[in-house]
$ cat work_15.cif   # mmCIF, N, CA and C atoms
data_structure
#
loop_
_atom_site.label_atom_id
_atom_site.label_comp_id
_atom_site.auth_asym_id
_atom_site.auth_seq_id
_atom_site.Cartn_x
_atom_site.Cartn_y
_atom_site.Cartn_z
N MET A 11 -40.59 -167.14 25.37
CA MET A 11 -39.68 -168.27 25.26
C MET A 11 -40.42 -169.59 25.42
N GLY A 12 -41.49 -169.68 26.19
CA GLY A 12 -42.17 -170.94 26.41
C GLY A 12 -41.48 -171.75 27.50
N ASP A 13 -41.87 -173.01 27.59
CA ASP A 13 -41.25 -173.89 28.59
C ASP A 13 -39.81 -174.17 28.22
N PRO A 14 -38.90 -174.07 29.17
CA PRO A 14 -37.49 -174.34 28.86
C PRO A 14 -37.23 -175.84 28.71
N ALA A 15 -36.19 -176.18 27.98
CA ALA A 15 -35.77 -177.58 27.87
C ALA A 15 -35.17 -178.04 29.19
N LEU A 16 -34.53 -177.11 29.89
CA LEU A 16 -33.83 -177.43 31.13
C LEU A 16 -33.93 -176.25 32.08
N ALA A 17 -34.28 -176.53 33.30
CA ALA A 17 -34.34 -175.48 34.32
C ALA A 17 -33.71 -176.01 35.60
N VAL A 18 -32.81 -175.25 36.16
CA VAL A 18 -32.13 -175.62 37.40
C VAL A 18 -32.22 -174.42 38.33
N ARG A 19 -32.66 -174.64 39.56
CA ARG A 19 -32.82 -173.54 40.50
C ARG A 19 -32.09 -173.85 41.82
N ASP A 20 -31.08 -173.04 42.13
CA ASP A 20 -30.35 -173.13 43.41
C ASP A 20 -29.91 -174.55 43.74
N LEU A 21 -29.45 -175.29 42.74
CA LEU A 21 -29.10 -176.69 42.91
C LEU A 21 -27.80 -176.84 43.70
N THR A 22 -27.83 -177.71 44.68
CA THR A 22 -26.67 -177.98 45.52
C THR A 22 -26.48 -179.49 45.63
N LYS A 23 -25.22 -179.92 45.58
CA LYS A 23 -24.89 -181.32 45.82
C LYS A 23 -23.67 -181.39 46.71
N VAL A 24 -23.84 -182.08 47.83
CA VAL A 24 -22.75 -182.29 48.78
C VAL A 24 -22.52 -183.79 48.89
N TYR A 25 -21.30 -184.21 48.63
CA TYR A 25 -20.93 -185.61 48.81
C TYR A 25 -20.38 -185.76 50.22
N ARG A 26 -20.98 -186.65 50.98
CA ARG A 26 -20.55 -186.87 52.36
C ARG A 26 -19.91 -188.24 52.47
N SER A 27 -18.88 -188.32 53.28
CA SER A 27 -18.17 -189.57 53.47
C SER A 27 -17.76 -189.68 54.93
N ARG A 28 -17.92 -190.85 55.50
CA ARG A 28 -17.52 -191.05 56.89
C ARG A 28 -16.01 -190.90 57.04
N GLY A 29 -15.63 -190.13 58.02
CA GLY A 29 -14.21 -189.96 58.30
C GLY A 29 -13.49 -189.00 57.36
N ARG A 30 -14.19 -188.46 56.40
CA ARG A 30 -13.58 -187.52 55.47
C ARG A 30 -14.39 -186.24 55.44
N GLN A 31 -13.76 -185.20 54.95
CA GLN A 31 -14.44 -183.91 54.82
C GLN A 31 -15.47 -183.97 53.69
N SER A 32 -16.62 -183.37 53.89
CA SER A 32 -17.64 -183.30 52.85
C SER A 32 -17.13 -182.47 51.68
N VAL A 33 -17.61 -182.82 50.48
CA VAL A 33 -17.23 -182.09 49.27
C VAL A 33 -18.50 -181.47 48.68
N ARG A 34 -18.50 -180.17 48.52
CA ARG A 34 -19.62 -179.46 47.92
C ARG A 34 -19.33 -179.33 46.43
N ALA A 35 -19.93 -180.23 45.64
CA ALA A 35 -19.67 -180.25 44.19
C ALA A 35 -20.46 -179.17 43.45
N LEU A 36 -21.67 -178.87 43.92
CA LEU A 36 -22.49 -177.80 43.35
C LEU A 36 -22.99 -176.93 44.49
N ASP A 37 -23.01 -175.64 44.27
CA ASP A 37 -23.42 -174.72 45.33
C ASP A 37 -24.32 -173.62 44.75
N GLY A 38 -25.64 -173.88 44.76
CA GLY A 38 -26.60 -172.88 44.33
C GLY A 38 -26.60 -172.60 42.83
N VAL A 39 -26.45 -173.63 42.02
CA VAL A 39 -26.42 -173.46 40.57
C VAL A 39 -27.83 -173.17 40.04
N THR A 40 -27.94 -172.15 39.20
CA THR A 40 -29.20 -171.80 38.54
C THR A 40 -28.94 -171.64 37.05
N LEU A 41 -29.71 -172.37 36.22
CA LEU A 41 -29.56 -172.34 34.77
C LEU A 41 -30.94 -172.40 34.12
N LEU A 42 -31.05 -171.87 32.92
CA LEU A 42 -32.27 -171.97 32.13
C LEU A 42 -31.85 -172.12 30.68
N PHE A 43 -32.15 -173.27 30.08
CA PHE A 43 -31.79 -173.54 28.69
C PHE A 43 -33.06 -173.55 27.85
N GLU A 44 -33.07 -172.76 26.79
CA GLU A 44 -34.21 -172.71 25.87
C GLU A 44 -34.26 -173.96 25.02
N ARG A 45 -35.49 -174.33 24.62
CA ARG A 45 -35.66 -175.44 23.69
C ARG A 45 -35.17 -175.04 22.31
N GLY A 46 -34.69 -176.03 21.55
CA GLY A 46 -34.29 -175.79 20.18
C GLY A 46 -32.95 -175.10 20.02
N ARG A 47 -32.17 -175.05 21.07
CA ARG A 47 -30.85 -174.41 21.01
C ARG A 47 -29.81 -175.40 21.49
N ILE A 48 -28.58 -175.19 21.10
CA ILE A 48 -27.47 -176.01 21.58
C ILE A 48 -26.77 -175.23 22.68
N HIS A 49 -26.54 -175.88 23.80
CA HIS A 49 -25.89 -175.24 24.94
C HIS A 49 -24.69 -176.08 25.35
N SER A 50 -23.76 -175.46 26.04
CA SER A 50 -22.61 -176.19 26.57
C SER A 50 -22.36 -175.74 28.00
N ILE A 51 -21.74 -176.63 28.74
CA ILE A 51 -21.36 -176.33 30.12
C ILE A 51 -19.84 -176.45 30.18
N LEU A 52 -19.18 -175.35 30.43
CA LEU A 52 -17.72 -175.32 30.45
C LEU A 52 -17.22 -174.94 31.84
N GLY A 53 -16.06 -175.44 32.19
CA GLY A 53 -15.45 -175.08 33.46
C GLY A 53 -14.23 -175.93 33.72
N PRO A 54 -13.44 -175.54 34.68
CA PRO A 54 -12.23 -176.30 35.00
C PRO A 54 -12.56 -177.63 35.67
N ASN A 55 -11.57 -178.50 35.75
CA ASN A 55 -11.74 -179.76 36.46
C ASN A 55 -12.19 -179.49 37.89
N GLY A 56 -13.17 -180.27 38.34
CA GLY A 56 -13.65 -180.12 39.70
C GLY A 56 -14.71 -179.05 39.88
N ALA A 57 -15.17 -178.45 38.78
CA ALA A 57 -16.15 -177.37 38.86
C ALA A 57 -17.57 -177.88 39.09
N GLY A 58 -17.82 -179.18 38.88
CA GLY A 58 -19.15 -179.75 39.10
C GLY A 58 -19.93 -180.05 37.84
N LYS A 59 -19.29 -179.96 36.68
CA LYS A 59 -19.98 -180.19 35.41
C LYS A 59 -20.57 -181.60 35.35
N THR A 60 -19.76 -182.60 35.65
CA THR A 60 -20.22 -183.99 35.58
C THR A 60 -21.30 -184.26 36.62
N THR A 61 -21.14 -183.71 37.81
CA THR A 61 -22.18 -183.88 38.84
C THR A 61 -23.50 -183.30 38.36
N LEU A 62 -23.46 -182.13 37.75
CA LEU A 62 -24.68 -181.51 37.23
C LEU A 62 -25.34 -182.40 36.18
N VAL A 63 -24.55 -182.91 35.23
CA VAL A 63 -25.10 -183.76 34.18
C VAL A 63 -25.68 -185.04 34.78
N LYS A 64 -25.00 -185.62 35.75
CA LYS A 64 -25.51 -186.84 36.40
C LYS A 64 -26.83 -186.57 37.12
N ILE A 65 -26.96 -185.42 37.74
CA ILE A 65 -28.23 -185.05 38.37
C ILE A 65 -29.32 -184.91 37.31
N LEU A 66 -29.00 -184.24 36.21
CA LEU A 66 -29.98 -184.03 35.14
C LEU A 66 -30.42 -185.34 34.50
N CYS A 67 -29.56 -186.34 34.51
CA CYS A 67 -29.88 -187.65 33.95
C CYS A 67 -30.54 -188.57 34.96
N GLY A 68 -30.68 -188.12 36.20
CA GLY A 68 -31.30 -188.94 37.22
C GLY A 68 -30.38 -189.98 37.83
N LEU A 69 -29.08 -189.82 37.65
CA LEU A 69 -28.11 -190.78 38.18
C LEU A 69 -27.65 -190.44 39.58
N VAL A 70 -27.76 -189.17 39.96
CA VAL A 70 -27.35 -188.67 41.27
C VAL A 70 -28.48 -187.78 41.79
N THR A 71 -28.76 -187.87 43.07
CA THR A 71 -29.82 -187.06 43.68
C THR A 71 -29.22 -185.77 44.24
N PRO A 72 -29.83 -184.63 43.95
CA PRO A 72 -29.31 -183.37 44.50
C PRO A 72 -29.52 -183.32 46.01
N SER A 73 -28.66 -182.58 46.68
CA SER A 73 -28.79 -182.41 48.14
C SER A 73 -29.86 -181.38 48.46
N GLU A 74 -29.95 -180.33 47.65
CA GLU A 74 -30.93 -179.27 47.87
C GLU A 74 -31.48 -178.78 46.55
N GLU A 75 -32.72 -178.35 46.59
CA GLU A 75 -33.45 -177.74 45.47
C GLU A 75 -33.70 -178.72 44.35
N GLU A 76 -33.87 -178.25 43.14
CA GLU A 76 -34.46 -179.08 42.10
C GLU A 76 -34.00 -178.69 40.70
N ALA A 77 -34.19 -179.63 39.78
CA ALA A 77 -33.94 -179.39 38.36
C ALA A 77 -35.06 -180.05 37.57
N TRP A 78 -35.35 -179.50 36.38
CA TRP A 78 -36.41 -180.01 35.53
C TRP A 78 -35.91 -180.16 34.11
N VAL A 79 -36.30 -181.24 33.46
CA VAL A 79 -35.99 -181.48 32.05
C VAL A 79 -37.32 -181.61 31.32
N HIS A 80 -37.57 -180.71 30.39
CA HIS A 80 -38.85 -180.65 29.66
C HIS A 80 -40.04 -180.63 30.62
N GLY A 81 -39.88 -179.96 31.74
CA GLY A 81 -40.95 -179.81 32.70
C GLY A 81 -41.05 -180.92 33.73
N TYR A 82 -40.27 -181.96 33.60
CA TYR A 82 -40.30 -183.08 34.53
C TYR A 82 -39.23 -182.92 35.61
N SER A 83 -39.61 -183.12 36.84
CA SER A 83 -38.67 -183.04 37.95
C SER A 83 -37.69 -184.21 37.89
N VAL A 84 -36.39 -183.92 38.04
CA VAL A 84 -35.39 -185.00 37.99
C VAL A 84 -35.47 -185.90 39.22
N THR A 85 -36.06 -185.41 40.31
CA THR A 85 -36.19 -186.24 41.50
C THR A 85 -37.53 -186.95 41.59
N GLN A 86 -38.58 -186.35 41.05
CA GLN A 86 -39.92 -186.93 41.15
C GLN A 86 -40.33 -187.77 39.94
N ASN A 87 -39.78 -187.49 38.77
CA ASN A 87 -40.16 -188.17 37.52
C ASN A 87 -38.94 -188.62 36.73
N ARG A 88 -38.08 -189.38 37.39
CA ARG A 88 -36.81 -189.78 36.78
C ARG A 88 -36.99 -190.50 35.44
N ARG A 89 -37.94 -191.40 35.35
CA ARG A 89 -38.16 -192.15 34.10
C ARG A 89 -38.58 -191.22 32.96
N ALA A 90 -39.46 -190.29 33.24
CA ALA A 90 -39.89 -189.33 32.21
C ALA A 90 -38.71 -188.48 31.76
N VAL A 91 -37.88 -188.07 32.71
CA VAL A 91 -36.68 -187.28 32.38
C VAL A 91 -35.77 -188.09 31.46
N GLN A 92 -35.57 -189.35 31.79
CA GLN A 92 -34.65 -190.18 31.02
C GLN A 92 -35.14 -190.45 29.60
N ARG A 93 -36.42 -190.26 29.34
CA ARG A 93 -36.93 -190.37 27.96
C ARG A 93 -36.57 -189.14 27.14
N HIS A 94 -36.18 -188.05 27.80
CA HIS A 94 -35.90 -186.79 27.10
C HIS A 94 -34.42 -186.40 27.10
N ILE A 95 -33.59 -187.14 27.79
CA ILE A 95 -32.19 -186.72 27.92
C ILE A 95 -31.28 -187.94 27.85
N GLY A 96 -30.09 -187.71 27.38
CA GLY A 96 -29.08 -188.76 27.34
C GLY A 96 -27.71 -188.11 27.42
N ALA A 97 -26.75 -188.87 27.91
CA ALA A 97 -25.40 -188.32 28.04
C ALA A 97 -24.39 -189.45 27.95
N VAL A 98 -23.24 -189.12 27.43
CA VAL A 98 -22.10 -190.03 27.45
C VAL A 98 -21.09 -189.39 28.39
N LEU A 99 -20.91 -189.99 29.54
CA LEU A 99 -20.03 -189.43 30.56
C LEU A 99 -18.63 -190.02 30.44
N GLU A 100 -17.68 -189.34 31.07
CA GLU A 100 -16.30 -189.82 31.00
C GLU A 100 -16.18 -191.16 31.69
N GLY A 101 -15.15 -191.86 31.40
CA GLY A 101 -14.93 -193.17 32.01
C GLY A 101 -14.68 -194.21 30.94
N SER A 102 -14.36 -195.40 31.37
CA SER A 102 -13.98 -196.44 30.43
C SER A 102 -15.16 -197.28 29.96
N ARG A 103 -16.35 -197.14 30.58
CA ARG A 103 -17.48 -198.00 30.21
C ARG A 103 -18.60 -197.24 29.53
N ASN A 104 -18.29 -196.16 28.84
CA ASN A 104 -19.36 -195.39 28.24
C ASN A 104 -19.57 -195.69 26.76
N MET A 105 -18.69 -196.45 26.14
CA MET A 105 -18.89 -196.87 24.76
C MET A 105 -17.98 -198.04 24.45
N TYR A 106 -18.35 -198.77 23.41
CA TYR A 106 -17.56 -199.92 22.97
C TYR A 106 -16.63 -199.48 21.86
N ARG A 107 -15.34 -199.67 22.05
CA ARG A 107 -14.33 -199.18 21.10
C ARG A 107 -14.36 -199.89 19.76
N ARG A 108 -14.86 -201.11 19.72
CA ARG A 108 -14.91 -201.85 18.45
C ARG A 108 -16.10 -201.44 17.59
N LEU A 109 -17.01 -200.65 18.16
CA LEU A 109 -18.16 -200.15 17.41
C LEU A 109 -17.90 -198.70 17.01
N SER A 110 -18.49 -198.30 15.90
CA SER A 110 -18.39 -196.89 15.50
C SER A 110 -19.26 -196.04 16.44
N GLY A 111 -19.13 -194.74 16.33
CA GLY A 111 -19.97 -193.86 17.13
C GLY A 111 -21.45 -194.10 16.84
N TRP A 112 -21.77 -194.25 15.55
CA TRP A 112 -23.15 -194.52 15.12
C TRP A 112 -23.66 -195.82 15.75
N GLU A 113 -22.84 -196.88 15.67
CA GLU A 113 -23.24 -198.18 16.22
C GLU A 113 -23.44 -198.11 17.72
N ASN A 114 -22.59 -197.37 18.42
CA ASN A 114 -22.77 -197.19 19.86
C ASN A 114 -24.09 -196.51 20.17
N LEU A 115 -24.41 -195.45 19.42
CA LEU A 115 -25.68 -194.75 19.65
C LEU A 115 -26.87 -195.67 19.39
N MET A 116 -26.81 -196.44 18.32
CA MET A 116 -27.89 -197.39 18.02
C MET A 116 -28.00 -198.43 19.13
N TYR A 117 -26.88 -198.96 19.56
CA TYR A 117 -26.87 -200.00 20.60
C TYR A 117 -27.52 -199.49 21.89
N PHE A 118 -27.09 -198.32 22.34
CA PHE A 118 -27.63 -197.80 23.60
C PHE A 118 -29.08 -197.35 23.44
N GLY A 119 -29.46 -196.90 22.25
CA GLY A 119 -30.87 -196.59 21.99
C GLY A 119 -31.73 -197.84 22.10
N LEU A 120 -31.24 -198.94 21.54
CA LEU A 120 -31.98 -200.20 21.63
C LEU A 120 -32.06 -200.69 23.06
N LEU A 121 -30.98 -200.52 23.83
CA LEU A 121 -31.01 -200.91 25.24
C LEU A 121 -32.06 -200.13 26.03
N ARG A 122 -32.31 -198.89 25.62
CA ARG A 122 -33.30 -198.04 26.29
C ARG A 122 -34.71 -198.33 25.78
N GLY A 123 -34.86 -199.35 24.91
CA GLY A 123 -36.18 -199.75 24.47
C GLY A 123 -36.66 -199.10 23.19
N MET A 124 -35.79 -198.36 22.50
CA MET A 124 -36.19 -197.73 21.23
C MET A 124 -36.18 -198.80 20.14
N SER A 125 -37.13 -198.71 19.22
CA SER A 125 -37.14 -199.64 18.09
C SER A 125 -35.98 -199.29 17.16
N PRO A 126 -35.50 -200.27 16.39
CA PRO A 126 -34.41 -199.97 15.46
C PRO A 126 -34.77 -198.87 14.47
N VAL A 127 -36.02 -198.85 14.00
CA VAL A 127 -36.44 -197.82 13.06
C VAL A 127 -36.45 -196.46 13.73
N ARG A 128 -37.02 -196.39 14.93
CA ARG A 128 -37.07 -195.11 15.64
C ARG A 128 -35.66 -194.63 15.99
N SER A 129 -34.81 -195.54 16.46
CA SER A 129 -33.44 -195.16 16.79
C SER A 129 -32.72 -194.62 15.56
N GLY A 130 -32.82 -195.35 14.45
CA GLY A 130 -32.12 -194.95 13.23
C GLY A 130 -32.64 -193.64 12.68
N SER A 131 -33.97 -193.47 12.63
CA SER A 131 -34.50 -192.23 12.07
C SER A 131 -34.21 -191.06 13.00
N GLY A 132 -34.26 -191.29 14.30
CA GLY A 132 -33.93 -190.22 15.25
C GLY A 132 -32.48 -189.78 15.12
N LEU A 133 -31.60 -190.74 14.95
CA LEU A 133 -30.18 -190.40 14.79
C LEU A 133 -29.95 -189.68 13.47
N ASN A 134 -30.62 -190.11 12.42
CA ASN A 134 -30.47 -189.42 11.13
C ASN A 134 -30.96 -187.99 11.22
N ASN A 135 -32.08 -187.76 11.92
CA ASN A 135 -32.59 -186.40 12.09
C ASN A 135 -31.58 -185.54 12.84
N CYS A 136 -31.02 -186.09 13.91
CA CYS A 136 -30.01 -185.33 14.68
C CYS A 136 -28.79 -185.06 13.81
N TRP A 137 -28.35 -186.09 13.11
CA TRP A 137 -27.14 -185.97 12.29
C TRP A 137 -27.32 -184.90 11.23
N SER A 138 -28.47 -184.91 10.54
CA SER A 138 -28.69 -183.93 9.50
C SER A 138 -28.87 -182.54 10.09
N GLY A 139 -29.42 -182.46 11.30
CA GLY A 139 -29.56 -181.18 11.97
C GLY A 139 -28.22 -180.55 12.31
N TRP A 140 -27.21 -181.38 12.46
CA TRP A 140 -25.86 -180.88 12.75
C TRP A 140 -25.10 -180.60 11.46
N ALA A 141 -25.77 -180.75 10.32
CA ALA A 141 -25.17 -180.52 9.00
C ALA A 141 -23.96 -181.40 8.78
N CYS A 142 -24.08 -182.66 9.19
CA CYS A 142 -22.97 -183.60 9.03
C CYS A 142 -23.11 -184.44 7.77
N GLY A 143 -24.15 -184.21 7.00
CA GLY A 143 -24.35 -184.99 5.79
C GLY A 143 -25.06 -186.29 6.08
N SER A 144 -25.06 -187.17 5.10
CA SER A 144 -25.76 -188.45 5.26
C SER A 144 -24.91 -189.42 6.07
N VAL A 145 -25.60 -190.39 6.65
CA VAL A 145 -24.92 -191.38 7.47
C VAL A 145 -25.24 -192.75 6.90
N ASP A 146 -24.24 -193.59 6.75
CA ASP A 146 -24.43 -194.94 6.29
C ASP A 146 -24.93 -195.78 7.46
N MET A 147 -26.17 -196.26 7.33
CA MET A 147 -26.77 -197.01 8.43
C MET A 147 -26.45 -198.51 8.37
N THR A 148 -25.69 -198.97 7.41
CA THR A 148 -25.37 -200.38 7.33
C THR A 148 -24.29 -200.72 8.34
N TRP A 149 -24.45 -201.86 8.97
CA TRP A 149 -23.44 -202.33 9.88
C TRP A 149 -23.45 -203.78 9.85
#
$ encode --input "work_15.cif" --output "structure tokens"
Amino acid sequence: MGDPALAVRDLTKVYRSRGRQSVRALDGVTLLFERGRIHSILGPNGAGKTTLVKILCGLVTPSEEEAWVHGYSVTQNRRAVQRHIGAVLEGSRNMYRRLSGWENLMYFGLLRGMSPVRSGSGLNNCWSGWACGSVDMTW
């Protein structure tokens, strides 16, 4: 199989709050995702899916153990991880409604320091890989 795209070993996240009971959002999660494949994480509300994705993106620190994206530790090499992963999380500030999906992806790619050419060609490669046909890059 080679190096996995994503590896998670015994990952735990506990949210602690003064005066309130602690919440264990993740409890010993272990995953291994192969490169070059599409994977999904499914579960009911409150199962820890968003917490896991936030940890993988370097937005939340795990309480115990570790996760790796393309071989980079999410706690030790957050910047390197963020060059290999991206996510659109739930909430009201994750995209601009007046922009198309394509324009949002270009905008956030540019914010992350990608050149317009690299952002556009990368998006076209992804789009064609999903067999979605051609994409009009004019805006």
$ resolve_selection --input "work_15.cif" --expression "the PyMOL selection byres ((chain A and resi 74) around 6.5)" --output "JSON, numbers by chain"
{"A": [20, 21, 22, 23, 24, 71, 72, 73, 75, 76]}
$ atom_distance --input "work_15.cif" --atom1 "CA of Tyr25 in chain A" --atom2 "CA of Thr61 in chain A"
10.2 Å
$ select_by_dssp --input "work_15.cif" --residues "range 23-90 of chain A" --states "helix (DSSP H, G or I)" --output "PyMOL selection string"
chain A and resi 59-66+88-90
$ closest_residue --input "work_15.cif" --among "A:Gly12, A:Gly58, A:Gly96, A:Gly81" --to "Gly46 in chain A" --atoms "only C-alpha atoms"
A:Gly12
$ closest_residue --input "work_15.cif" --among "A:Val18, A:Gly53, A:Arg93, A:Asn87" --to "Gly38 in chain A" --atoms "all atoms listed in the file"
A:Val18
$ atom_distance --input "work_15.cif" --atom1 "CA of Glu44 in chain A" --atom2 "CA of Pro14 in chain A"
4.7 Å
$ closest_residue --input "work_15.cif" --among "A:Leu115, A:Met105, A:Val39, A:Val84" --to "Val70 in chain A" --atoms "only C-alpha atoms"
A:Val84
$ atom_distance --input "work_15.cif" --atom1 "CA of Leu36 in chain A" --atom2 "atom N of His94 in chain A"
23.1 Å
$ closest_residue --input "work_15.cif" --among "A:Val79, A:Val98, A:Leu41, A:Val91" --to "Thr60 in chain A" --atoms "only C-alpha atoms"
A:Val98
$ axis_aligned_box --input "work_15.cif" --around "range 14-31 of chain A" --padding-each-side "3 Å" --output "JSON"
{"center_x": -26.2, "center_y": -182.0, "center_z": 43.1, "size_x": 31.4, "size_y": 24.0, "size_z": 36.4}
$ closest_residue --input "work_15.cif" --among "A:Asn55, A:Ser110, A:Ser83, A:Ser50" --to "Arg19 in chain A" --atoms "only C-alpha atoms"
A:Ser83
$ closest_residue --input "work_15.cif" --among "A:Arg107, A:Ala17, A:Gln92, A:Lys59" --to "Gly119 in chain A" --atoms "only C-alpha atoms"
A:Gln92
$ select_by_dssp --input "work_15.cif" --residues "range 38-82 of chain A" --states "strand (DSSP E or B)" --output "PyMOL selection string"
chain A and resi 38-43+74-79+82
